[in-house]
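Structure, as structure tokens:
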Amino acid sequence: MKAGGYVWLRSGDQPLSDTHGEAIAFRISAAETLAGHGTWYQLHSSHRAVQEIFGGWHTGLNLIPIHLLELPEGPRQ
């Protein structure tokens with residue numbers, strides 16, 4: 001995973017989803033590896049409420065990589 005890529009944020013065993021049950025895609029805006037703490041990724045969503053609540057830094061353990069082929073209509077943010 002790297003900056004510019006898209007991920008889903010894990011909520012239990014499933015991706016975080018909107019009120020319609022659709023998984024919300026986040027764009028990775030930055031990545032930083034910290035000695036002894038693994039790699040952290042800064043996530044961004046264009047959805048204001050989602051960004052305010054879930055945007056920011058997360059470990060790779062909480063992320064599910066998205067292949068653009070999985071998003072036929074483009075990333076839902």
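Identifiers in this document derive from the order of the structure tokens: chains are assigned A, B, ..., residues are numbered from 1 separately in each chain, and ligands are numbered from 1 in order of occurrence.
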Requested in this report: Just the residues within 12 Å of A:His58, please, counting only C-alpha atoms, with nothing from its chain fewer than 6 positions along; format it as a list in words.
Outcome: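 Near neighbours after the sequence-gap exclusion: Val7, Trp8, Leu9, Arg10, Phe26, Ile28, Ser29, Ala30, Ala31, Glu32, Thr33, His37, Gly38, Thr39, Trp40, Tyr41, Gln42, Leu43, His44 and Ile64 of chain A.
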Query - 12 Å contact set for A:Asp18, only C-alpha atoms, chain neighbours under 4 positions out, as a list in words - result: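 Counting only C-alpha atoms, the residues come to Trp8, Leu9, Ser11, Glu22, Ala23, Ile24, Ala25, His47, Ala49, Val50, Arg76 and Gln77 of chain A.
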Report task. May I have all residues of chain A that DSSP, computed from the backbone, assigns to alpha helix (DSSP H), given as a list in words? Result -> Arg48, Ala49, Val50, Gln51, Glu52, Ile53 and Phe54 of chain A
Expected file: the selected residues, all heavy atoms, as a JSON list (two decimals), in the first residue's frame:
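Contents of out_36.json, freshly written:
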[["chain", "number", "residue", "atom", "x", "y", "z"],
["A", 48, "ARG", "N", -17.42, 14.50, 4.30],
["A", 48, "ARG", "CA", -17.01, 15.33, 5.44],
["A", 48, "ARG", "C", -17.15, 14.62, 6.80],
["A", 48, "ARG", "O", -16.22, 14.63, 7.61],
["A", 48, "ARG", "CB", -17.81, 16.62, 5.43],
["A", 48, "ARG", "CG", -17.35, 17.62, 6.42],
["A", 48, "ARG", "CD", -18.15, 18.89, 6.27],
["A", 48, "ARG", "NE", -17.52, 19.93, 7.05],
["A", 48, "ARG", "CZ", -17.59, 21.20, 6.79],
["A", 48, "ARG", "NH1", -18.29, 21.61, 5.76],
["A", 48, "ARG", "NH2", -17.00, 22.08, 7.54],
["A", 49, "ALA", "N", -18.29, 14.02, 7.07],
["A", 49, "ALA", "CA", -18.50, 13.36, 8.37],
["A", 49, "ALA", "C", -17.58, 12.16, 8.53],
["A", 49, "ALA", "O", -17.01, 11.95, 9.60],
["A", 49, "ALA", "CB", -19.96, 12.95, 8.53],
["A", 50, "VAL", "N", -17.43, 11.37, 7.47],
["A", 50, "VAL", "CA", -16.54, 10.21, 7.51],
["A", 50, "VAL", "C", -15.11, 10.66, 7.77],
["A", 50, "VAL", "O", -14.40, 10.07, 8.60],
["A", 50, "VAL", "CB", -16.64, 9.39, 6.21],
["A", 50, "VAL", "CG1", -15.56, 8.33, 6.14],
["A", 50, "VAL", "CG2", -18.02, 8.76, 6.08],
["A", 51, "GLN", "N", -14.68, 11.73, 7.11],
["A", 51, "GLN", "CA", -13.33, 12.24, 7.31],
["A", 51, "GLN", "C", -13.13, 12.70, 8.74],
["A", 51, "GLN", "O", -12.11, 12.39, 9.36],
["A", 51, "GLN", "CB", -13.05, 13.39, 6.33],
["A", 51, "GLN", "CG", -11.70, 14.04, 6.53],
["A", 51, "GLN", "CD", -10.52, 13.11, 6.33],
["A", 51, "GLN", "OE1", -10.60, 12.15, 5.57],
["A", 51, "GLN", "NE2", -9.43, 13.38, 7.01],
["A", 52, "GLU", "N", -14.11, 13.41, 9.27],
["A", 52, "GLU", "CA", -13.98, 13.93, 10.63],
["A", 52, "GLU", "C", -13.88, 12.81, 11.67],
["A", 52, "GLU", "O", -13.11, 12.88, 12.61],
["A", 52, "GLU", "CB", -15.18, 14.82, 10.96],
["A", 52, "GLU", "CG", -15.03, 15.56, 12.27],
["A", 52, "GLU", "CD", -16.12, 16.59, 12.47],
["A", 52, "GLU", "OE1", -16.49, 17.27, 11.49],
["A", 52, "GLU", "OE2", -16.58, 16.70, 13.61],
["A", 53, "ILE", "N", -14.65, 11.73, 11.46],
["A", 53, "ILE", "CA", -14.67, 10.64, 12.43],
["A", 53, "ILE", "C", -13.55, 9.63, 12.21],
["A", 53, "ILE", "O", -12.89, 9.19, 13.15],
["A", 53, "ILE", "CB", -16.04, 9.93, 12.40],
["A", 53, "ILE", "CG1", -17.13, 10.92, 12.81],
["A", 53, "ILE", "CG2", -16.04, 8.71, 13.32],
["A", 53, "ILE", "CD1", -18.54, 10.42, 12.53],
["A", 54, "PHE", "N", -13.32, 9.24, 10.94],
["A", 54, "PHE", "CA", -12.42, 8.12, 10.66],
["A", 54, "PHE", "C", -11.14, 8.50, 9.92],
["A", 54, "PHE", "O", -10.25, 7.67, 9.78],
["A", 54, "PHE", "CB", -13.15, 7.04, 9.85],
["A", 54, "PHE", "CG", -14.32, 6.45, 10.56],
["A", 54, "PHE", "CD1", -15.61, 6.81, 10.21],
["A", 54, "PHE", "CD2", -14.14, 5.55, 11.59],
["A", 54, "PHE", "CE1", -16.70, 6.27, 10.86],
["A", 54, "PHE", "CE2", -15.22, 5.01, 12.26],
["A", 54, "PHE", "CZ", -16.51, 5.37, 11.89]]
Report summary line: What separates atom CA of A:Gly12 and atom CA of A:Trp57 is a distance of 17.7 Å
